[in-house]
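Structure data (mmCIF, C-alpha atoms) from target-v7.cif:
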```cif
data_coords
loop_
_atom_site.label_atom_id
_atom_site.label_comp_id
_atom_site.auth_asym_id
_atom_site.auth_seq_id
_atom_site.Cartn_x
_atom_site.Cartn_y
_atom_site.Cartn_z
CA MET A 34 14.12 -10.14 -6.27
CA THR A 35 16.14 -7.40 -7.89
CA ALA A 36 14.66 -3.98 -8.55
CA LYS A 37 15.04 -2.64 -12.05
CA THR A 38 13.84 0.48 -13.76
CA GLN A 39 10.25 0.03 -14.89
CA ALA A 40 9.21 3.60 -15.67
CA VAL A 41 7.86 3.70 -19.21
CA LYS A 42 5.48 6.48 -20.14
CA THR A 43 2.11 5.14 -21.21
CA GLN A 44 0.16 6.68 -24.09
CA ALA A 45 -2.53 7.98 -21.78
CA THR A 46 -3.79 7.73 -18.22
CA LYS A 47 -7.43 8.12 -17.25
CA THR A 48 -8.38 9.46 -13.85
CA GLN A 49 -11.91 8.98 -12.50
CA GLU A 50 -13.33 10.72 -9.43
CA LEU A 51 -15.73 8.28 -7.77
CA LYS A 52 -17.88 7.58 -4.75
CA LEU A 53 -17.32 4.38 -2.79
CA ASP A 54 -20.38 3.05 -0.97
CA ILE A 55 -19.55 1.17 2.23
CA GLU A 56 -22.47 -1.05 3.13
CA ARG A 57 -24.39 0.13 6.22
CA ILE A 58 -21.70 2.73 6.93
CA GLY A 59 -21.73 5.49 4.30
CA ALA A 60 -20.02 6.80 1.20
CA VAL A 61 -16.49 8.13 0.73
CA SER A 62 -14.51 9.66 -2.12
CA ALA A 63 -12.30 7.51 -4.33
CA ILE A 64 -10.01 7.93 -7.34
CA LEU A 65 -9.18 5.40 -10.04
CA THR A 66 -5.97 6.16 -11.95
CA GLN A 67 -5.76 3.79 -14.90
CA PRO A 68 -3.13 3.88 -17.65
CA ASP A 69 -3.74 2.41 -21.08
CA HIS A 70 -2.86 -1.28 -21.18
CA ALA A 71 -2.62 -1.55 -17.38
CA ARG A 72 -1.65 -5.04 -16.25
CA ALA A 73 -2.64 -4.82 -12.57
CA CYS A 74 -4.51 -2.60 -10.10
CA TYR A 75 -3.21 -1.69 -6.65
CA VAL A 76 -5.92 -0.86 -4.09
CA LEU A 77 -4.02 1.85 -2.24
CA ALA A 78 -5.17 2.86 1.26
CA HIS A 79 -3.86 6.05 2.86
CA GLY A 80 -2.06 6.48 6.17
CA ALA A 81 -3.57 7.65 9.46
CA GLY A 82 -2.69 11.32 9.17
CA ALA A 83 -3.33 12.21 5.51
CA ASP A 84 -6.01 11.45 2.95
CA MET A 85 -5.90 9.89 -0.51
CA ARG A 86 -4.92 13.24 -2.09
CA HIS A 87 -1.75 13.70 -0.04
CA SER A 88 1.28 14.39 -2.21
CA PHE A 89 2.80 10.99 -1.33
CA MET A 90 -0.33 9.21 -2.52
CA GLU A 91 -0.47 11.33 -5.67
CA LYS A 92 3.16 10.56 -6.49
CA VAL A 93 2.66 6.83 -5.94
CA ALA A 94 -0.40 6.77 -8.19
CA ALA A 95 1.33 8.77 -10.93
CA GLY A 96 4.53 6.75 -10.70
CA LEU A 97 2.71 3.43 -10.90
CA ALA A 98 0.66 4.68 -13.87
CA ASP A 99 3.94 5.44 -15.66
CA ARG A 100 4.89 1.83 -14.96
CA GLY A 101 1.64 0.33 -16.27
CA ILE A 102 -0.10 -0.24 -12.94
CA ALA A 103 -3.53 1.23 -12.09
CA THR A 104 -4.37 2.42 -8.58
CA PHE A 105 -7.65 2.68 -6.72
CA ARG A 106 -7.39 5.20 -3.88
CA PHE A 107 -10.10 6.00 -1.36
CA ASN A 108 -10.68 7.85 1.89
CA PHE A 109 -11.45 6.09 5.12
CA LEU A 110 -14.68 7.36 6.64
CA TYR A 111 -13.02 9.40 9.42
CA MET A 112 -10.90 11.24 6.86
CA GLU A 113 -13.90 11.86 4.61
CA LYS A 114 -15.73 13.42 7.55
CA LYS A 115 -12.59 15.30 8.67
CA GLN A 116 -12.57 13.62 12.06
CA GLY A 117 -9.33 13.38 13.99
CA ARG A 118 -9.30 9.80 15.20
CA PRO A 119 -8.94 6.89 12.75
CA ASP A 120 -11.87 4.55 12.29
CA GLN A 121 -12.30 1.47 14.40
CA PRO A 122 -10.80 -1.57 12.64
CA ALA A 123 -14.20 -3.01 11.66
CA VAL A 124 -15.12 0.22 9.87
CA ALA A 125 -11.71 0.46 8.16
CA HIS A 126 -11.94 -3.18 7.10
CA ALA A 127 -15.37 -2.59 5.57
CA ALA A 128 -14.02 0.33 3.55
CA ILE A 129 -11.14 -1.80 2.26
CA ARG A 130 -13.49 -4.62 1.23
CA ALA A 131 -15.74 -2.17 -0.59
CA ALA A 132 -12.71 -0.67 -2.35
CA VAL A 133 -11.44 -4.07 -3.49
CA GLU A 134 -14.88 -4.99 -4.81
CA GLN A 135 -15.25 -1.71 -6.71
CA ALA A 136 -11.73 -1.92 -8.12
CA ALA A 137 -12.54 -5.40 -9.43
CA ARG A 138 -15.70 -4.10 -11.13
CA LEU A 139 -13.92 -1.12 -12.68
CA CYS A 140 -10.81 -3.05 -13.76
CA PRO A 141 -12.09 -6.39 -15.05
CA GLY A 142 -9.34 -8.77 -16.03
CA LEU A 143 -6.62 -6.93 -14.10
CA MET A 144 -4.73 -8.67 -11.31
CA LEU A 145 -5.56 -7.11 -7.94
CA VAL A 146 -3.03 -6.18 -5.27
CA ALA A 147 -4.00 -4.42 -2.05
CA GLY A 148 -2.28 -2.59 0.77
CA GLY A 149 -1.10 0.96 1.21
CA LYS A 150 0.68 3.49 3.36
CA SER A 151 1.25 2.73 7.04
CA PHE A 152 -2.16 2.51 8.78
CA GLY A 153 -3.85 1.73 5.45
CA GLY A 154 -1.55 -1.20 4.82
CA ARG A 155 -2.00 -2.59 8.33
CA MET A 156 -5.79 -2.33 8.12
CA THR A 157 -5.64 -4.13 4.77
CA SER A 158 -3.61 -7.00 6.20
CA GLN A 159 -5.95 -7.25 9.18
CA ALA A 160 -9.00 -7.40 6.91
CA HIS A 161 -7.34 -10.01 4.72
CA SER A 162 -6.35 -12.13 7.73
CA LYS A 163 -9.97 -12.29 8.92
CA THR A 164 -11.48 -13.17 5.53
CA PRO A 165 -9.31 -13.09 2.39
CA LEU A 166 -10.08 -10.16 0.12
CA PRO A 167 -11.65 -11.59 -3.07
CA ASP A 168 -9.21 -12.11 -5.97
CA VAL A 169 -6.37 -10.20 -4.25
CA LYS A 170 -3.11 -11.89 -5.27
CA GLY A 171 -0.71 -9.96 -3.06
CA LEU A 172 -0.42 -7.44 -0.23
CA ALA A 173 2.09 -4.58 -0.52
CA PHE A 174 2.95 -2.33 2.43
CA LEU A 175 4.47 1.12 1.96
CA GLY A 176 5.97 1.42 5.42
CA PHE A 177 4.29 -1.18 7.64
CA PRO A 178 3.73 0.41 11.09
CA LEU A 179 5.06 -2.41 13.24
CA HIS A 180 4.94 -0.39 16.47
CA ALA A 181 4.46 3.07 17.92
CA ASP A 182 7.18 5.65 17.37
CA GLY A 183 10.22 4.69 19.41
CA LYS A 184 8.51 1.73 21.12
CA PRO A 185 9.71 -1.42 19.32
CA SER A 186 7.42 -4.43 19.61
CA ILE A 187 5.88 -7.04 17.32
CA GLU A 188 2.28 -7.31 18.56
CA ARG A 189 0.92 -5.52 15.49
CA ALA A 190 2.35 -8.27 13.30
CA GLU A 191 0.73 -11.24 15.03
CA HIS A 192 -2.14 -11.46 12.52
CA LEU A 193 0.26 -11.78 9.57
CA ALA A 194 0.96 -15.44 10.38
CA GLY A 195 -2.57 -16.32 9.27
CA ILE A 196 -2.11 -14.86 5.78
CA ALA A 197 -1.19 -17.20 2.92
CA THR A 198 -1.03 -14.48 0.25
CA PRO A 199 2.38 -13.12 -0.83
CA MET A 200 3.38 -9.96 1.02
CA LEU A 201 5.90 -7.22 0.19
CA PHE A 202 7.26 -4.97 2.95
CA LEU A 203 8.86 -1.77 1.66
CA GLN A 204 10.59 -0.15 4.63
CA GLY A 205 13.03 2.68 5.21
CA THR A 206 16.03 1.85 7.37
CA ARG A 207 15.34 5.01 9.44
CA ASP A 208 11.64 4.19 9.92
CA LYS A 209 10.85 4.90 13.59
CA LEU A 210 7.63 2.87 13.30
CA ALA A 211 9.36 -0.30 12.14
CA ASP A 212 12.65 -1.11 13.82
CA LEU A 213 14.34 -3.53 11.42
CA GLY A 214 15.82 -5.48 14.31
CA HIS A 215 12.25 -6.45 15.17
CA LEU A 216 10.78 -6.54 11.66
CA LYS A 217 13.36 -8.82 10.06
CA PRO A 218 12.69 -11.76 12.43
CA VAL A 219 8.94 -11.34 11.87
CA ILE A 220 9.40 -11.56 8.10
CA ALA A 221 11.79 -14.49 8.41
CA GLU A 222 9.19 -16.34 10.48
CA LEU A 223 6.58 -15.73 7.76
CA GLY A 224 8.73 -17.65 5.30
CA PRO A 225 8.86 -17.37 1.50
CA LYS A 226 5.45 -15.69 1.25
CA ALA A 227 6.97 -12.49 2.73
CA THR A 228 9.59 -10.25 1.10
CA LEU A 229 11.39 -7.31 2.68
CA HIS A 230 12.96 -4.50 0.66
CA ALA A 231 14.84 -2.01 2.83
CA VAL A 232 15.34 1.50 1.45
CA GLU A 233 18.71 2.67 2.74
CA GLY A 234 18.39 5.89 4.74
CA GLY A 235 14.64 6.19 4.19
CA ASP A 236 12.23 7.24 6.92
CA HIS A 237 8.60 6.13 7.30
CA SER A 238 7.79 7.85 3.98
CA PHE A 239 11.14 6.92 2.37
CA ALA A 240 12.52 10.46 2.67
CA VAL A 241 16.30 10.63 3.04
CA LEU A 242 18.75 13.06 4.59
CA LYS A 243 20.64 15.42 2.29
CA LYS A 244 23.94 13.89 3.37
CA SER A 245 22.85 10.55 1.90
CA GLY A 246 23.64 11.83 -1.59
CA ARG A 247 20.21 10.74 -2.82
CA THR A 248 16.94 12.58 -3.35
CA ASN A 249 13.46 11.67 -2.15
CA ASP A 250 12.39 11.24 -5.77
CA GLU A 251 15.14 8.67 -6.25
CA THR A 252 14.13 6.65 -3.22
CA LEU A 253 10.47 6.73 -4.23
CA ALA A 254 11.47 5.49 -7.69
CA GLU A 255 13.31 2.62 -5.99
CA VAL A 256 10.18 1.79 -4.02
CA LEU A 257 7.94 1.85 -7.09
CA ASP A 258 10.38 -0.11 -9.25
CA THR A 259 10.61 -2.78 -6.56
CA LEU A 260 6.84 -2.91 -6.17
CA VAL A 261 6.28 -3.31 -9.92
CA VAL A 262 8.87 -6.10 -10.23
CA TRP A 263 7.17 -7.91 -7.34
CA ILE A 264 3.70 -7.48 -8.89
CA ASP A 265 4.94 -8.80 -12.23
CA GLU A 266 6.35 -11.88 -10.49
CA LEU A 267 3.08 -12.78 -8.77
CA VAL A 268 1.45 -15.91 -10.14
#
```

Once you've parsed the file, please lay out its structure as structure tokens.
Amino acid sequence: MTAKTQAVKTQATKTQELKLDIERIGAVSAILTQPDHARACYVLAHGAGADMRHSFMEKVAAGLADRGIATFRFNFLYMEKKQGRPDQPAVAHAAIRAAVEQAARLCPGLMLVAGGKSFGGRMTSQAHSKTPLPDVKGLAFLGFPLHADGKPSIERAEHLAGIATPMLFLQGTRDKLADLGHLKPVIAELGPKATLHAVEGGDHSFAVLKKSGRTNDETLAEVLDTLVVWIDELV
């Protein structure tokens, strides 16, 4: 797969502030960003340390809208309640399932992709491995957190083997939560259903050093272009 520039300004983008009801758990805030003539919707879960309104999440949603892709963002319950510790997996999985279901209702006819930033992407893959998320055609990870900072291991990837859905791993080569020496063999073992795109010099959020000669906006554009090409190639 070769990334190519996909950014084309749409005529208009509609943003809806919503509430997402998680059965037997509670309600959280959500945002649907939908450009005219969108051709897919990405259910975009946030990372462990920042909510759906973090600047990274805002830039991803805006950049994908410019490329004709809608996004459905939402807060996990702990973030909605401003609690410090992330939700237990079962609670996070329930939020993701509710988000996918609501995105499908709000975007009828659009292909669904799910995933997100770091913790949000990993919780999405865990949920999908237990019971496939309805109508989700692909999982896209914006910095999959393979292991703790500076402690390379592959235990967090064990559940991926049970997923049949296509997966895209967008990873910075300086990502301290995903040593490529460990991640590449994991992806190779997954076979053709898994694709890795390494962002040269990028950290866990794809930020680069000044000496790289690139800007953070340029690396994020690379990430979004690659994601859109991958979405367009899904069957």

- Which distance in Å separates CA of Asp168 in chain A and CA of Lys92 in chain A, to one decimal?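 Straight-line distance from CA of Asp168 in chain A to CA of Lys92 in chain A works out to 25.8 Å.
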
Once the PyMOL selection byres ((chain A and resi 134) around 12) is applied to the coordinates I shared, what remains selected? I want it as a compact mmCIF listing (two decimals) with C-alpha atoms, keeping the file's coordinate frame.
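Full text of out-v3.txt as output:
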```
# COMPACT_ATOMS: atom_id res chain seq x y z
CA LEU A 53 -17.32 4.38 -2.79
CA ASP A 54 -20.38 3.05 -0.97
CA ILE A 55 -19.55 1.17 2.23
CA GLU A 56 -22.47 -1.05 3.13
CA CYS A 74 -4.51 -2.60 -10.10
CA VAL A 76 -5.92 -0.86 -4.09
CA PHE A 105 -7.65 2.68 -6.72
CA ALA A 127 -15.37 -2.59 5.57
CA ALA A 128 -14.02 0.33 3.55
CA ILE A 129 -11.14 -1.80 2.26
CA ARG A 130 -13.49 -4.62 1.23
CA ALA A 131 -15.74 -2.17 -0.59
CA ALA A 132 -12.71 -0.67 -2.35
CA VAL A 133 -11.44 -4.07 -3.49
CA GLN A 135 -15.25 -1.71 -6.71
CA ALA A 136 -11.73 -1.92 -8.12
CA ALA A 137 -12.54 -5.40 -9.43
CA ARG A 138 -15.70 -4.10 -11.13
CA LEU A 139 -13.92 -1.12 -12.68
CA CYS A 140 -10.81 -3.05 -13.76
CA PRO A 141 -12.09 -6.39 -15.05
CA LEU A 145 -5.56 -7.11 -7.94
CA VAL A 146 -3.03 -6.18 -5.27
CA ALA A 147 -4.00 -4.42 -2.05
CA LEU A 166 -10.08 -10.16 0.12
CA PRO A 167 -11.65 -11.59 -3.07
CA ASP A 168 -9.21 -12.11 -5.97
CA VAL A 169 -6.37 -10.20 -4.25
```

Can you write out as a tab-separated table which residues of range 94-151 of chain A fall within 9 Å of range 84-88 of chain A, alongside each residue's closest atom pair and its distance in Å to one decimal, counting all atoms listed in the file and ordering rows by chain and ascending residue number?
```
residue	atom	partner	partner_atom	distance
A:Arg106	CA	A:Met85	CA	6.0
A:Phe107	CA	A:Met85	CA	5.8
A:Asn108	CA	A:Met85	CA	5.7
A:Phe109	CA	A:Asp84	CA	7.9
A:Met112	CA	A:Asp84	CA	6.3
A:Glu113	CA	A:Asp84	CA	8.1
```

How about saving the chosen residues, C-alpha atoms kept, as a CSV table (one decimal), keeping the file's coordinate frame?
```
chain,number,residue,atom,x,y,z
A,106,ARG,CA,-7.4,5.2,-3.9
A,107,PHE,CA,-10.1,6.0,-1.4
A,108,ASN,CA,-10.7,7.8,1.9
A,109,PHE,CA,-11.4,6.1,5.1
A,112,MET,CA,-10.9,11.2,6.9
A,113,GLU,CA,-13.9,11.9,4.6
```

- Might you spell out which residues the PyMOL selection byres ((chain A and resi 150-160) around 10) would select in the displayed file, as number ranges by chain? A: 76-83, 85, 89-90, 108-109, 119, 121-130, 147-149, 161-166, 172-179, 189-193, 195-196, 198, 200, 202-203, 210, 237-238

- Can you turn the PyMOL selection byres ((chain A and resi 71) around 7) into a concrete residue list for this file, as a PyMOL selection string? chain A and resi 67-70+72-73+101-103

- Enter the distance from CA of Leu201 in chain A to CA of His180 in chain A, in Å, rounded to one decimal. 17.7 Å

- Task: With a distance cut-off of 12 Å and all atoms listed in the file, select the neighbouring residues of range 241-256 of chain A, excluding the residue or stretch itself and same-chain residues fewer than 5 positions from it, and output the selection as a VMD selection string.
- Result: chain A and resid 35 to 40 89 to 97 99 to 100 173 to 176 201 to 208 229 to 236 261 to 263

- Message: Please report the interatomic distance between CA of Asp182 in chain A and CA of Pro218 in chain A in Å with one decimal.
- Response: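 Here the two named atoms are 18.9 Å from each other.
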
So that all listed atoms of range 171-189 of chain A fit with 3 Å spare on each side, what axis-aligned box centre and edge lengths in Å, to one decimal, would you give as JSON?
```
{"center_x": 4.8, "center_y": -2.2, "center_z": 9.0, "size_x": 16.9, "size_y": 21.6, "size_z": 30.2}
```

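For the set A:Lys170, A:Lys52, A:Lys209, A:Arg118, the residue with the smallest atom-to-atom gap to Lys184 in chain A is A:Lys209, counting all atoms listed in the file.
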